[in-house]
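File shown: model28.tsv (TSV, N, CA and C atoms).
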chain	number	residue	atom	x	y	z
H	1	MET	N	0.82	-1.20	0.00
H	1	MET	CA	0.00	0.00	0.00
H	1	MET	C	0.87	1.26	0.00
H	2	GLU	N	1.96	1.20	0.72
H	2	GLU	CA	2.88	2.34	0.78
H	2	GLU	C	3.45	2.68	-0.60
H	3	ASP	N	3.72	1.63	-1.41
H	3	ASP	CA	4.24	1.85	-2.76
H	3	ASP	C	3.26	2.67	-3.61
H	4	TYR	N	1.97	2.40	-3.48
H	4	TYR	CA	0.96	3.14	-4.25
H	4	TYR	C	0.92	4.60	-3.83
H	5	LYS	N	1.01	4.85	-2.54
H	5	LYS	CA	1.02	6.22	-2.04
H	5	LYS	C	2.22	6.97	-2.61
H	6	ASN	N	3.36	6.30	-2.63
H	6	ASN	CA	4.58	6.91	-3.16
H	6	ASN	C	4.42	7.25	-4.65
H	7	ILE	N	3.83	6.35	-5.40
H	7	ILE	CA	3.62	6.58	-6.83
H	7	ILE	C	2.73	7.81	-7.04
H	8	PHE	N	1.62	7.89	-6.29
H	8	PHE	CA	0.70	9.02	-6.43
H	8	PHE	C	1.35	10.33	-5.98
H	9	GLU	N	2.18	10.25	-4.97
H	9	GLU	CA	2.91	11.44	-4.52
H	9	GLU	C	3.88	11.91	-5.60
H	10	GLN	N	4.56	10.97	-6.26
H	10	GLN	CA	5.48	11.32	-7.35
H	10	GLN	C	4.73	11.94	-8.53
H	11	ILE	N	3.56	11.38	-8.85
H	11	ILE	CA	2.74	11.93	-9.93
H	11	ILE	C	2.31	13.36	-9.59
H	12	LYS	N	1.93	13.58	-8.36
H	12	LYS	CA	1.51	14.91	-7.91
H	12	LYS	C	2.66	15.91	-8.04
H	13	LYS	N	3.87	15.51	-7.63
H	13	LYS	CA	5.05	16.37	-7.75
H	13	LYS	C	5.36	16.66	-9.22
H	14	PHE	N	5.24	15.62	-10.04
H	14	PHE	CA	5.51	15.78	-11.47
H	14	PHE	C	4.53	16.79	-12.08
H	15	LYS	N	3.25	16.66	-11.79
H	15	LYS	CA	2.23	17.56	-12.32
H	15	LYS	C	2.48	19.00	-11.88
H	16	LYS	N	2.87	19.17	-10.62
H	16	LYS	CA	3.15	20.50	-10.10
H	16	LYS	C	4.33	21.13	-10.84
H	17	GLU	N	5.40	20.36	-11.03
H	17	GLU	CA	6.58	20.84	-11.74
H	17	GLU	C	6.24	21.12	-13.20
H	18	GLN	N	5.45	20.27	-13.82
H	18	GLN	CA	5.03	20.46	-15.21
H	18	GLN	C	4.24	21.76	-15.37
H	19	ASN	N	3.34	22.03	-14.46
H	19	ASN	CA	2.57	23.28	-14.52
H	19	ASN	C	3.46	24.49	-14.32
H	20	ARG	N	4.44	24.39	-13.43
H	20	ARG	CA	5.38	25.48	-13.21
H	20	ARG	C	6.17	25.77	-14.48
H	21	GLN	N	6.60	24.71	-15.15
H	21	GLN	CA	7.35	24.87	-16.39
H	21	GLN	C	6.48	25.50	-17.49
H	22	LYS	N	5.25	25.08	-17.58
H	22	LYS	CA	4.34	25.65	-18.59
H	22	LYS	C	4.16	27.15	-18.36
H	23	GLN	N	4.05	27.55	-17.10
H	23	GLN	CA	3.89	28.96	-16.78
H	23	GLN	C	5.15	29.76	-17.11
H	24	ARG	N	6.29	29.10	-17.17
H	24	ARG	CA	7.57	29.76	-17.49
H	24	ARG	C	7.89	29.71	-18.98
H	25	GLY	N	6.95	29.20	-19.78
H	25	GLY	CA	7.15	29.19	-21.22
H	25	GLY	C	7.68	27.89	-21.79
H	26	LEU	N	7.89	26.89	-20.95
H	26	LEU	CA	8.37	25.59	-21.43
H	26	LEU	C	7.15	24.74	-21.81
H	27	ASN	N	6.59	25.07	-22.98
H	27	ASN	CA	5.39	24.37	-23.43
H	27	ASN	C	5.34	24.40	-24.95
H	28	ASN	N	4.29	23.91	-25.50
H	28	ASN	CA	4.18	23.85	-26.97
H	28	ASN	C	3.27	24.95	-27.52
H	29	TYR	N	3.05	26.01	-26.76
H	29	TYR	CA	2.24	27.13	-27.23
H	29	TYR	C	2.98	27.86	-28.36
H	30	ASN	N	2.28	28.14	-29.43
H	30	ASN	CA	2.87	28.82	-30.57
H	30	ASN	C	1.92	29.93	-31.01
H	31	ILE	N	2.31	31.16	-30.77
H	31	ILE	CA	1.43	32.30	-31.08
H	31	ILE	C	1.11	32.38	-32.58
H	32	LEU	N	2.04	31.93	-33.43
H	32	LEU	CA	1.80	31.98	-34.87
H	32	LEU	C	0.64	31.10	-35.29
H	33	THR	N	0.50	29.93	-34.66
H	33	THR	CA	-0.58	29.03	-35.06
H	33	THR	C	-1.91	29.41	-34.42
H	34	THR	N	-1.95	30.49	-33.65
H	34	THR	CA	-3.24	30.97	-33.16
H	34	THR	C	-3.93	31.81	-34.23
H	35	VAL	N	-3.15	32.31	-35.20
H	35	VAL	CA	-3.74	33.13	-36.26
H	35	VAL	C	-3.70	32.45	-37.63
H	36	LEU	N	-2.81	31.49	-37.81
H	36	LEU	CA	-2.70	30.77	-39.08
H	36	LEU	C	-2.56	29.28	-38.80
H	37	LYS	N	-2.93	28.49	-39.75
H	37	LYS	CA	-2.79	27.03	-39.62
H	37	LYS	C	-1.32	26.65	-39.67
H	38	GLU	N	-0.92	25.67	-38.88
H	38	GLU	CA	0.49	25.27	-38.80
H	38	GLU	C	1.03	24.76	-40.12
H	39	HIS	N	0.17	24.33	-41.02
H	39	HIS	CA	0.61	23.82	-42.32
H	39	HIS	C	0.47	24.87	-43.44
H	40	ASP	N	0.19	26.12	-43.08
H	40	ASP	CA	0.01	27.18	-44.07
H	40	ASP	C	1.37	27.60	-44.62
H	41	GLU	N	1.80	26.88	-45.61
H	41	GLU	CA	3.14	27.03	-46.19
H	41	GLU	C	3.40	28.44	-46.70
H	42	VAL	N	2.45	29.01	-47.43
H	42	VAL	CA	2.66	30.30	-48.09
H	42	VAL	C	2.55	31.46	-47.11
H	43	ARG	N	1.48	31.49	-46.34
H	43	ARG	CA	1.24	32.66	-45.48
H	43	ARG	C	1.99	32.60	-44.16
H	44	LEU	N	2.43	31.44	-43.72
H	44	LEU	CA	3.15	31.34	-42.45
H	44	LEU	C	4.64	31.08	-42.68
H	45	HIS	N	4.95	29.93	-43.19
H	45	HIS	CA	6.35	29.51	-43.30
H	45	HIS	C	7.15	30.37	-44.29
H	46	SER	N	6.70	30.44	-45.52
H	46	SER	CA	7.44	31.21	-46.53
H	46	SER	C	7.52	32.68	-46.15
H	47	ARG	N	6.43	33.23	-45.67
H	47	ARG	CA	6.40	34.65	-45.31
H	47	ARG	C	7.38	34.94	-44.17
H	48	MET	N	7.39	34.08	-43.16
H	48	MET	CA	8.26	34.31	-42.01
H	48	MET	C	9.73	34.14	-42.39
H	49	ILE	N	10.05	33.09	-43.12
H	49	ILE	CA	11.45	32.86	-43.54
H	49	ILE	C	11.93	34.01	-44.42
H	50	ALA	N	11.10	34.41	-45.38
H	50	ALA	CA	11.47	35.51	-46.28
H	50	ALA	C	11.69	36.80	-45.50
H	51	SER	N	10.86	37.05	-44.50
H	51	SER	CA	11.02	38.30	-43.74
H	51	SER	C	12.34	38.33	-42.98
H	52	PHE	N	12.80	37.19	-42.50
H	52	PHE	CA	14.09	37.14	-41.81
H	52	PHE	C	15.26	37.29	-42.78
H	53	LEU	N	15.17	36.59	-43.92
H	53	LEU	CA	16.30	36.55	-44.84
H	53	LEU	C	16.45	37.79	-45.72
H	54	ASP	N	15.41	38.58	-45.84
H	54	ASP	CA	15.43	39.74	-46.71
H	54	ASP	C	16.28	40.87	-46.09
H	55	PRO	N	17.41	41.21	-46.72
H	55	PRO	CA	18.27	42.26	-46.18
H	55	PRO	C	17.57	43.63	-46.07
H	56	SER	N	16.55	43.85	-46.87
H	56	SER	CA	15.82	45.12	-46.79
H	56	SER	C	14.53	44.97	-45.99
H	57	GLY	N	14.46	43.91	-45.19
H	57	GLY	CA	13.27	43.65	-44.38
H	57	GLY	C	13.13	44.64	-43.24
H	58	GLU	N	11.99	44.60	-42.60
H	58	GLU	CA	11.66	45.53	-41.53
H	58	GLU	C	12.33	45.20	-40.19
H	59	HIS	N	13.22	44.22	-40.19
H	59	HIS	CA	13.90	43.84	-38.94
H	59	HIS	C	15.10	44.73	-38.63
H	60	TYR	N	15.48	45.60	-39.56
H	60	TYR	CA	16.57	46.56	-39.36
H	60	TYR	C	17.93	45.90	-39.10
H	61	GLN	N	18.10	44.69	-39.59
H	61	GLN	CA	19.36	43.98	-39.38
H	61	GLN	C	20.15	43.83	-40.67
H	62	SER	N	19.72	44.50	-41.73
H	62	SER	CA	20.39	44.44	-43.01
H	62	SER	C	20.54	42.96	-43.44
H	63	ASN	N	21.75	42.52	-43.78
H	63	ASN	CA	21.96	41.16	-44.27
H	63	ASN	C	22.42	40.19	-43.17
H	64	LEU	N	22.29	40.58	-41.89
H	64	LEU	CA	22.73	39.74	-40.78
H	64	LEU	C	22.11	38.35	-40.82
H	65	PHE	N	20.79	38.26	-40.93
H	65	PHE	CA	20.11	36.96	-40.90
H	65	PHE	C	20.44	36.14	-42.15
H	66	LEU	N	20.52	36.80	-43.28
H	66	LEU	CA	20.89	36.10	-44.51
H	66	LEU	C	22.31	35.57	-44.41
H	67	ASP	N	23.22	36.36	-43.86
H	67	ASP	CA	24.61	35.89	-43.68
H	67	ASP	C	24.66	34.68	-42.75
H	68	LYS	N	23.88	34.71	-41.68
H	68	LYS	CA	23.85	33.57	-40.74
H	68	LYS	C	23.29	32.34	-41.44
H	69	PHE	N	22.26	32.54	-42.25
H	69	PHE	CA	21.67	31.44	-43.01
H	69	PHE	C	22.71	30.84	-43.96
H	70	LEU	N	23.42	31.69	-44.68
H	70	LEU	CA	24.45	31.22	-45.61
H	70	LEU	C	25.59	30.52	-44.86
H	71	GLU	N	25.90	31.01	-43.69
H	71	GLU	CA	26.93	30.38	-42.86
H	71	GLU	C	26.51	28.96	-42.46
H	72	VAL	N	25.25	28.79	-42.11
H	72	VAL	CA	24.74	27.47	-41.74
H	72	VAL	C	24.74	26.53	-42.93
H	73	LEU	N	24.45	27.06	-44.13
H	73	LEU	CA	24.51	26.22	-45.34
H	73	LEU	C	25.91	25.67	-45.56
H	74	ASN	N	26.91	26.44	-45.14
H	74	ASN	CA	28.31	26.00	-45.19
H	74	ASN	C	28.75	25.62	-46.61
H	75	VAL	N	28.54	26.56	-47.53
H	75	VAL	CA	29.01	26.39	-48.90
H	75	VAL	C	29.80	27.65	-49.26
H	76	PRO	N	30.98	27.82	-48.66
H	76	PRO	CA	31.73	29.08	-48.82
H	76	PRO	C	32.11	29.39	-50.27
H	77	GLU	N	32.30	28.37	-51.08
H	77	GLU	CA	32.69	28.60	-52.47
H	77	GLU	C	31.54	29.13	-53.33
H	78	PHE	N	30.33	29.15	-52.79
H	78	PHE	CA	29.17	29.65	-53.53
H	78	PHE	C	29.28	31.16	-53.75
H	79	ASN	N	29.78	31.89	-52.78
H	79	ASN	CA	30.08	33.32	-52.90
H	79	ASN	C	28.93	34.19	-53.39
H	80	ILE	N	27.77	34.03	-52.85
H	80	ILE	CA	26.67	34.95	-53.17
H	80	ILE	C	26.90	36.24	-52.38
H	81	ASP	N	26.62	37.37	-53.00
H	81	ASP	CA	26.84	38.67	-52.35
H	81	ASP	C	25.59	39.06	-51.57
H	82	SER	N	25.59	38.80	-50.28
H	82	SER	CA	24.39	39.03	-49.46
H	82	SER	C	24.01	40.52	-49.38
H	83	GLU	N	24.96	41.40	-49.61
H	83	GLU	CA	24.65	42.83	-49.58
H	83	GLU	C	23.84	43.26	-50.79
H	84	LYS	N	23.89	42.48	-51.85
H	84	LYS	CA	23.15	42.81	-53.08
H	84	LYS	C	21.94	41.91	-53.29
H	85	CYS	N	21.65	41.04	-52.31
H	85	CYS	CA	20.58	40.05	-52.49
H	85	CYS	C	19.19	40.65	-52.36
H	86	SER	N	18.31	40.08	-53.15
H	86	SER	CA	16.88	40.33	-53.04
H	86	SER	C	16.24	39.00	-52.70
H	87	VAL	N	15.18	39.04	-51.91
H	87	VAL	CA	14.47	37.83	-51.51
H	87	VAL	C	13.04	37.95	-52.01
H	88	TYR	N	12.59	36.94	-52.72
H	88	TYR	CA	11.24	36.92	-53.28
H	88	TYR	C	10.48	35.74	-52.71
H	89	ARG	N	9.22	35.95	-52.45
H	89	ARG	CA	8.34	34.89	-51.95
H	89	ARG	C	7.30	34.59	-53.03
H	90	GLU	N	7.11	33.31	-53.31
H	90	GLU	CA	6.16	32.88	-54.34
H	90	GLU	C	6.47	33.53	-55.69
H	91	TYR	N	7.73	33.46	-56.07
H	91	TYR	CA	8.19	34.00	-57.34
H	91	TYR	C	8.09	32.90	-58.38
H	92	GLU	N	7.19	33.06	-59.33
H	92	GLU	CA	6.95	32.05	-60.38
H	92	GLU	C	6.84	30.65	-59.79
H	93	ASN	N	6.04	30.53	-58.75
H	93	ASN	CA	5.75	29.27	-58.03
H	93	ASN	C	6.91	28.77	-57.18
H	94	ILE	N	7.98	29.52	-57.08
H	94	ILE	CA	9.09	29.16	-56.20
H	94	ILE	C	8.76	29.74	-54.83
H	95	ASP	N	8.79	28.90	-53.79
H	95	ASP	CA	8.44	29.37	-52.46
H	95	ASP	C	9.31	30.53	-52.02
H	96	LEU	N	10.63	30.36	-52.09
H	96	LEU	CA	11.57	31.43	-51.74
H	96	LEU	C	12.68	31.46	-52.76
H	97	TYR	N	12.93	32.64	-53.28
H	97	TYR	CA	13.97	32.82	-54.29
H	97	TYR	C	14.88	33.94	-53.82
H	98	ILE	N	16.17	33.64	-53.67
H	98	ILE	CA	17.16	34.61	-53.23
H	98	ILE	C	18.17	34.76	-54.35
H	99	THR	N	18.46	36.01	-54.70
H	99	THR	CA	19.41	36.24	-55.79
H	99	THR	C	20.17	37.54	-55.57
H	100	ASP	N	21.41	37.53	-56.02
H	100	ASP	CA	22.20	38.76	-56.07
H	100	ASP	C	22.36	39.19	-57.53
H	101	SER	N	21.54	38.66	-58.41
H	101	SER	CA	21.52	38.86	-59.86
H	101	SER	C	22.57	38.02	-60.59
H	102	ASN	N	23.43	37.38	-59.83
H	102	ASN	CA	24.46	36.53	-60.41
H	102	ASN	C	24.30	35.09	-59.92
H	103	LYS	N	24.12	34.94	-58.63
H	103	LYS	CA	23.92	33.63	-58.01
H	103	LYS	C	22.47	33.55	-57.52
H	104	HIS	N	21.97	32.31	-57.41
H	104	HIS	CA	20.56	32.12	-57.09
H	104	HIS	C	20.39	30.99	-56.08
H	105	ILE	N	19.47	31.18	-55.15
H	105	ILE	CA	19.08	30.14	-54.21
H	105	ILE	C	17.58	29.94	-54.36
H	106	ILE	N	17.19	28.70	-54.61
H	106	ILE	CA	15.78	28.34	-54.73
H	106	ILE	C	15.43	27.47	-53.54
H	107	MET	N	14.41	27.88	-52.80
H	107	MET	CA	13.98	27.12	-51.63
H	107	MET	C	12.52	26.71	-51.80
H	108	GLU	N	12.25	25.46	-51.50
H	108	GLU	CA	10.90	24.93	-51.55
H	108	GLU	C	10.51	24.44	-50.16
H	109	ASN	N	9.37	24.90	-49.66
H	109	ASN	CA	8.82	24.35	-48.42
H	109	ASN	C	8.01	23.11	-48.78
H	110	LYS	N	8.21	22.08	-48.03
H	110	LYS	CA	7.44	20.85	-48.28
H	110	LYS	C	6.74	20.45	-46.99
H	111	ILE	N	5.55	20.99	-46.82
H	111	ILE	CA	4.74	20.68	-45.65
H	111	ILE	C	3.58	19.83	-46.14
H	112	TYR	N	3.60	18.59	-45.75
H	112	TYR	CA	2.59	17.62	-46.19
H	112	TYR	C	2.53	17.50	-47.71
H	113	ALA	N	3.65	17.75	-48.38
H	113	ALA	CA	3.69	17.65	-49.84
H	113	ALA	C	4.92	16.87	-50.26
H	114	ARG	N	4.81	16.22	-51.38
H	114	ARG	CA	5.95	15.47	-51.92
H	114	ARG	C	6.64	16.32	-52.98
H	115	ASP	N	7.87	15.93	-53.29
H	115	ASP	CA	8.58	16.58	-54.39
H	115	ASP	C	7.82	16.32	-55.68
H	116	GLN	N	7.69	17.34	-56.49
H	116	GLN	CA	7.05	17.18	-57.79
H	116	GLN	C	8.12	16.80	-58.80
H	117	LYS	N	7.71	16.06	-59.80
H	117	LYS	CA	8.64	15.61	-60.81
H	117	LYS	C	9.31	16.80	-61.50
H	118	GLU	N	10.63	16.80	-61.47
H	118	GLU	CA	11.45	17.82	-62.14
H	118	GLU	C	11.10	19.26	-61.71
H	119	GLN	N	10.66	19.41	-60.48
H	119	GLN	CA	10.24	20.73	-59.99
H	119	GLN	C	11.37	21.74	-60.02
H	120	ILE	N	12.50	21.41	-59.47
H	120	ILE	CA	13.65	22.33	-59.46
H	120	ILE	C	14.14	22.58	-60.89
H	121	LYS	N	14.15	21.55	-61.70
H	121	LYS	CA	14.57	21.70	-63.10
H	121	LYS	C	13.68	22.71	-63.82
H	122	ARG	N	12.38	22.68	-63.57
H	122	ARG	CA	11.46	23.65	-64.18
H	122	ARG	C	11.75	25.06	-63.71
H	123	TYR	N	12.10	25.20	-62.45
H	123	TYR	CA	12.40	26.53	-61.91
H	123	TYR	C	13.66	27.11	-62.53
H	124	ILE	N	14.65	26.26	-62.71
H	124	ILE	CA	15.91	26.73	-63.31
H	124	ILE	C	15.66	27.14	-64.75
Can the structure from this file be put into structure tokens for me?
Amino acid sequence: MEDYKNIFEQIKKFKKEQNRQKQRGLNNYNILTTVLKEHDEVRLHSRMIASFLDPSGEHYQSNLFLDKFLEVLNVPEFNIDSEKCSVYREYENIDLYITDSNKHIIMENKIYARDQKEQIKRYI
């Protein structure tokens, strides 16, 4: 009988700690999905990514986010000029298109969608 009491006491402690963590922001609440569907590729994902990567975006960080993105890609020989880049969303059916007029990055969001036959080839 004592073992059962101990189990219930542990569950009670766990629930209390879990609620404390939720109140501190350690939860799965997402303010973006309160206004848009989580699978809304065009209006949520593409729009948000483009807003960060666009050097002329309203974040006042110039090409900082784009440079960090390119750094994570880790393709130094690509040499795209982030200071001259433009970022387009839904450009000729391309989810995100980044270009410095010489080099090009094509990004496709795939949320609940499969790759289409020769999709990138068509974009090029």
One-decimal distance in Å that lies between atom CA of Lys103 of chain H and atom CA of Glu77 of chain H:
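Spanning atom CA of Glu77 of chain H to atom CA of Lys103 of chain H is a straight-line distance of 11.5 Å.
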Could you jot down the atom C of Ser82 of chain H to atom CA of Asp95 of chain H separation for me, Å, one decimal place?
19.4 Å
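Here atom C of Ile31 of chain H stands at a distance of 10.8 Å from atom C of Leu44 of chain H.
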Show me, as number ranges by chain, the residues that have an atom within 8 Å of Asn102 of chain H when counting all atoms listed in the file, minus same-chain residues fewer than 2 positions from it.
H: 80-81, 99-100, 104-105
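Using only C-alpha atoms for every distance, the candidate list H:Asn79, H:Lys12, H:Leu96, H:Glu90 yields H:Leu96 as the residue closest to Leu53 of chain H.
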What parts of chain H does DSSP call strand (DSSP E or B)? I'd like the answer as a list of chain:residue names.
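Filtering chain H to strand (DSSP E or B) leaves H:Ser86, H:Val87, H:Tyr88, H:Arg89, H:Glu90, H:Tyr91, H:Ile94, H:Asp95, H:Leu96, H:Tyr97, H:Ile98, H:Thr99, H:His104, H:Ile105, H:Ile106, H:Met107.
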Emit the selected residues as a PDB file, in the frame of the given file, including N, CA and C atoms.
ATOM      1  N   SER H  86      18.310  40.080 -53.150  1.00  0.00           N
ATOM      2  CA  SER H  86      16.880  40.330 -53.040  1.00  0.00           C
ATOM      3  C   SER H  86      16.240  39.000 -52.700  1.00  0.00           C
ATOM      4  N   VAL H  87      15.180  39.040 -51.910  1.00  0.00           N
ATOM      5  CA  VAL H  87      14.470  37.830 -51.510  1.00  0.00           C
ATOM      6  C   VAL H  87      13.040  37.950 -52.010  1.00  0.00           C
ATOM      7  N   TYR H  88      12.590  36.940 -52.720  1.00  0.00           N
ATOM      8  CA  TYR H  88      11.240  36.920 -53.280  1.00  0.00           C
ATOM      9  C   TYR H  88      10.480  35.740 -52.710  1.00  0.00           C
ATOM     10  N   ARG H  89       9.220  35.950 -52.450  1.00  0.00           N
ATOM     11  CA  ARG H  89       8.340  34.890 -51.950  1.00  0.00           C
ATOM     12  C   ARG H  89       7.300  34.590 -53.030  1.00  0.00           C
ATOM     13  N   GLU H  90       7.110  33.310 -53.310  1.00  0.00           N
ATOM     14  CA  GLU H  90       6.160  32.880 -54.340  1.00  0.00           C
ATOM     15  C   GLU H  90       6.470  33.530 -55.690  1.00  0.00           C
ATOM     16  N   TYR H  91       7.730  33.460 -56.070  1.00  0.00           N
ATOM     17  CA  TYR H  91       8.190  34.000 -57.340  1.00  0.00           C
ATOM     18  C   TYR H  91       8.090  32.900 -58.380  1.00  0.00           C
ATOM     19  N   ILE H  94       7.980  29.520 -57.080  1.00  0.00           N
ATOM     20  CA  ILE H  94       9.090  29.160 -56.200  1.00  0.00           C
ATOM     21  C   ILE H  94       8.760  29.740 -54.830  1.00  0.00           C
ATOM     22  N   ASP H  95       8.790  28.900 -53.790  1.00  0.00           N
ATOM     23  CA  ASP H  95       8.440  29.370 -52.460  1.00  0.00           C
ATOM     24  C   ASP H  95       9.310  30.530 -52.020  1.00  0.00           C
ATOM     25  N   LEU H  96      10.630  30.360 -52.090  1.00  0.00           N
ATOM     26  CA  LEU H  96      11.570  31.430 -51.740  1.00  0.00           C
ATOM     27  C   LEU H  96      12.680  31.460 -52.760  1.00  0.00           C
ATOM     28  N   TYR H  97      12.930  32.640 -53.280  1.00  0.00           N
ATOM     29  CA  TYR H  97      13.970  32.820 -54.290  1.00  0.00           C
ATOM     30  C   TYR H  97      14.880  33.940 -53.820  1.00  0.00           C
ATOM     31  N   ILE H  98      16.170  33.640 -53.670  1.00  0.00           N
ATOM     32  CA  ILE H  98      17.160  34.610 -53.230  1.00  0.00           C
ATOM     33  C   ILE H  98      18.170  34.760 -54.350  1.00  0.00           C
ATOM     34  N   THR H  99      18.460  36.010 -54.700  1.00  0.00           N
ATOM     35  CA  THR H  99      19.410  36.240 -55.790  1.00  0.00           C
ATOM     36  C   THR H  99      20.170  37.540 -55.570  1.00  0.00           C
ATOM     37  N   HIS H 104      21.970  32.310 -57.410  1.00  0.00           N
ATOM     38  CA  HIS H 104      20.560  32.120 -57.090  1.00  0.00           C
ATOM     39  C   HIS H 104      20.390  30.990 -56.080  1.00  0.00           C
ATOM     40  N   ILE H 105      19.470  31.180 -55.150  1.00  0.00           N
ATOM     41  CA  ILE H 105      19.080  30.140 -54.210  1.00  0.00           C
ATOM     42  C   ILE H 105      17.580  29.940 -54.360  1.00  0.00           C
ATOM     43  N   ILE H 106      17.190  28.700 -54.610  1.00  0.00           N
ATOM     44  CA  ILE H 106      15.780  28.340 -54.730  1.00  0.00           C
ATOM     45  C   ILE H 106      15.430  27.470 -53.540  1.00  0.00           C
ATOM     46  N   MET H 107      14.410  27.880 -52.800  1.00  0.00           N
ATOM     47  CA  MET H 107      13.980  27.120 -51.630  1.00  0.00           C
ATOM     48  C   MET H 107      12.520  26.710 -51.800  1.00  0.00           C
TER      49      MET H 107
END
Tell me, which residues of chain H carry DSSP alpha helix (DSSP H), written as a PyMOL selection string?
chain H and resi 2-23+47-53+64-73+119-123
Shell of 6.5 Å around Phe52 of chain H, all atoms listed in the file, local chain residues under 5 positions omitted, as a PDB file with N, CA and C atoms, in the frame of the given file:
ATOM      1  N   ARG H  47       6.430  33.230 -45.670  1.00  0.00           N
ATOM      2  CA  ARG H  47       6.400  34.650 -45.310  1.00  0.00           C
ATOM      3  C   ARG H  47       7.380  34.940 -44.170  1.00  0.00           C
ATOM      4  N   PHE H  65      20.790  38.260 -40.930  1.00  0.00           N
ATOM      5  CA  PHE H  65      20.110  36.960 -40.900  1.00  0.00           C
ATOM      6  C   PHE H  65      20.440  36.140 -42.150  1.00  0.00           C
ATOM      7  N   LEU H  66      20.520  36.800 -43.280  1.00  0.00           N
ATOM      8  CA  LEU H  66      20.890  36.100 -44.510  1.00  0.00           C
ATOM      9  C   LEU H  66      22.310  35.570 -44.410  1.00  0.00           C
TER      10      LEU H  66
END
Skip Val87 of chain H itself and residues of its chain fewer than 3 positions away, then list as a PyMOL selection string all residues within 6 Å of it, counting only N, CA and C atoms.
chain H and resi 54+97-99
Just checking: using all atoms listed in the file, which residue out of H:Tyr112, H:Lys68, H:Lys117, H:Pro55 ends up closest to Ser86 of chain H?
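When distances to Ser86 of chain H are compared using all atoms listed in the file, the smallest one comes from H:Pro55.
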Rebuild segment 25-36 of chain H so that it carries N, CA, C and O atoms, then output the result as a short mmCIF file (atom, residue, chain, number, x, y, z; two decimals), in the coordinates of the input.
data_model
loop_
_atom_site.label_atom_id
_atom_site.label_comp_id
_atom_site.auth_asym_id
_atom_site.auth_seq_id
_atom_site.Cartn_x
_atom_site.Cartn_y
_atom_site.Cartn_z
N GLY H 25 6.95 29.20 -19.78
CA GLY H 25 7.15 29.19 -21.22
C GLY H 25 7.68 27.89 -21.79
O GLY H 25 7.91 27.78 -22.98
N LEU H 26 7.89 26.89 -20.95
CA LEU H 26 8.37 25.59 -21.43
C LEU H 26 7.15 24.74 -21.81
O LEU H 26 6.72 23.86 -21.09
N ASN H 27 6.59 25.07 -22.98
CA ASN H 27 5.39 24.37 -23.43
C ASN H 27 5.34 24.40 -24.95
O ASN H 27 6.26 24.90 -25.59
N ASN H 28 4.29 23.91 -25.50
CA ASN H 28 4.18 23.85 -26.97
C ASN H 28 3.27 24.95 -27.52
O ASN H 28 2.81 24.86 -28.64
N TYR H 29 3.05 26.01 -26.76
CA TYR H 29 2.24 27.13 -27.23
C TYR H 29 2.98 27.86 -28.36
O TYR H 29 4.16 28.14 -28.26
N ASN H 30 2.28 28.14 -29.43
CA ASN H 30 2.87 28.82 -30.57
C ASN H 30 1.92 29.93 -31.01
O ASN H 30 0.86 29.67 -31.57
N ILE H 31 2.31 31.16 -30.77
CA ILE H 31 1.43 32.30 -31.08
C ILE H 31 1.11 32.38 -32.58
O ILE H 31 0.04 32.80 -32.97
N LEU H 32 2.04 31.93 -33.43
CA LEU H 32 1.80 31.98 -34.87
C LEU H 32 0.64 31.10 -35.29
O LEU H 32 -0.14 31.46 -36.17
N THR H 33 0.50 29.93 -34.66
CA THR H 33 -0.58 29.03 -35.06
C THR H 33 -1.91 29.41 -34.42
O THR H 33 -2.91 28.74 -34.66
N THR H 34 -1.95 30.49 -33.65
CA THR H 34 -3.24 30.97 -33.16
C THR H 34 -3.93 31.81 -34.23
O THR H 34 -5.13 32.01 -34.17
N VAL H 35 -3.15 32.31 -35.20
CA VAL H 35 -3.74 33.13 -36.26
C VAL H 35 -3.70 32.45 -37.63
O VAL H 35 -4.45 32.83 -38.51
N LEU H 36 -2.81 31.49 -37.81
CA LEU H 36 -2.70 30.77 -39.08
C LEU H 36 -2.56 29.28 -38.80
O LEU H 36 -2.06 28.88 -37.76
#
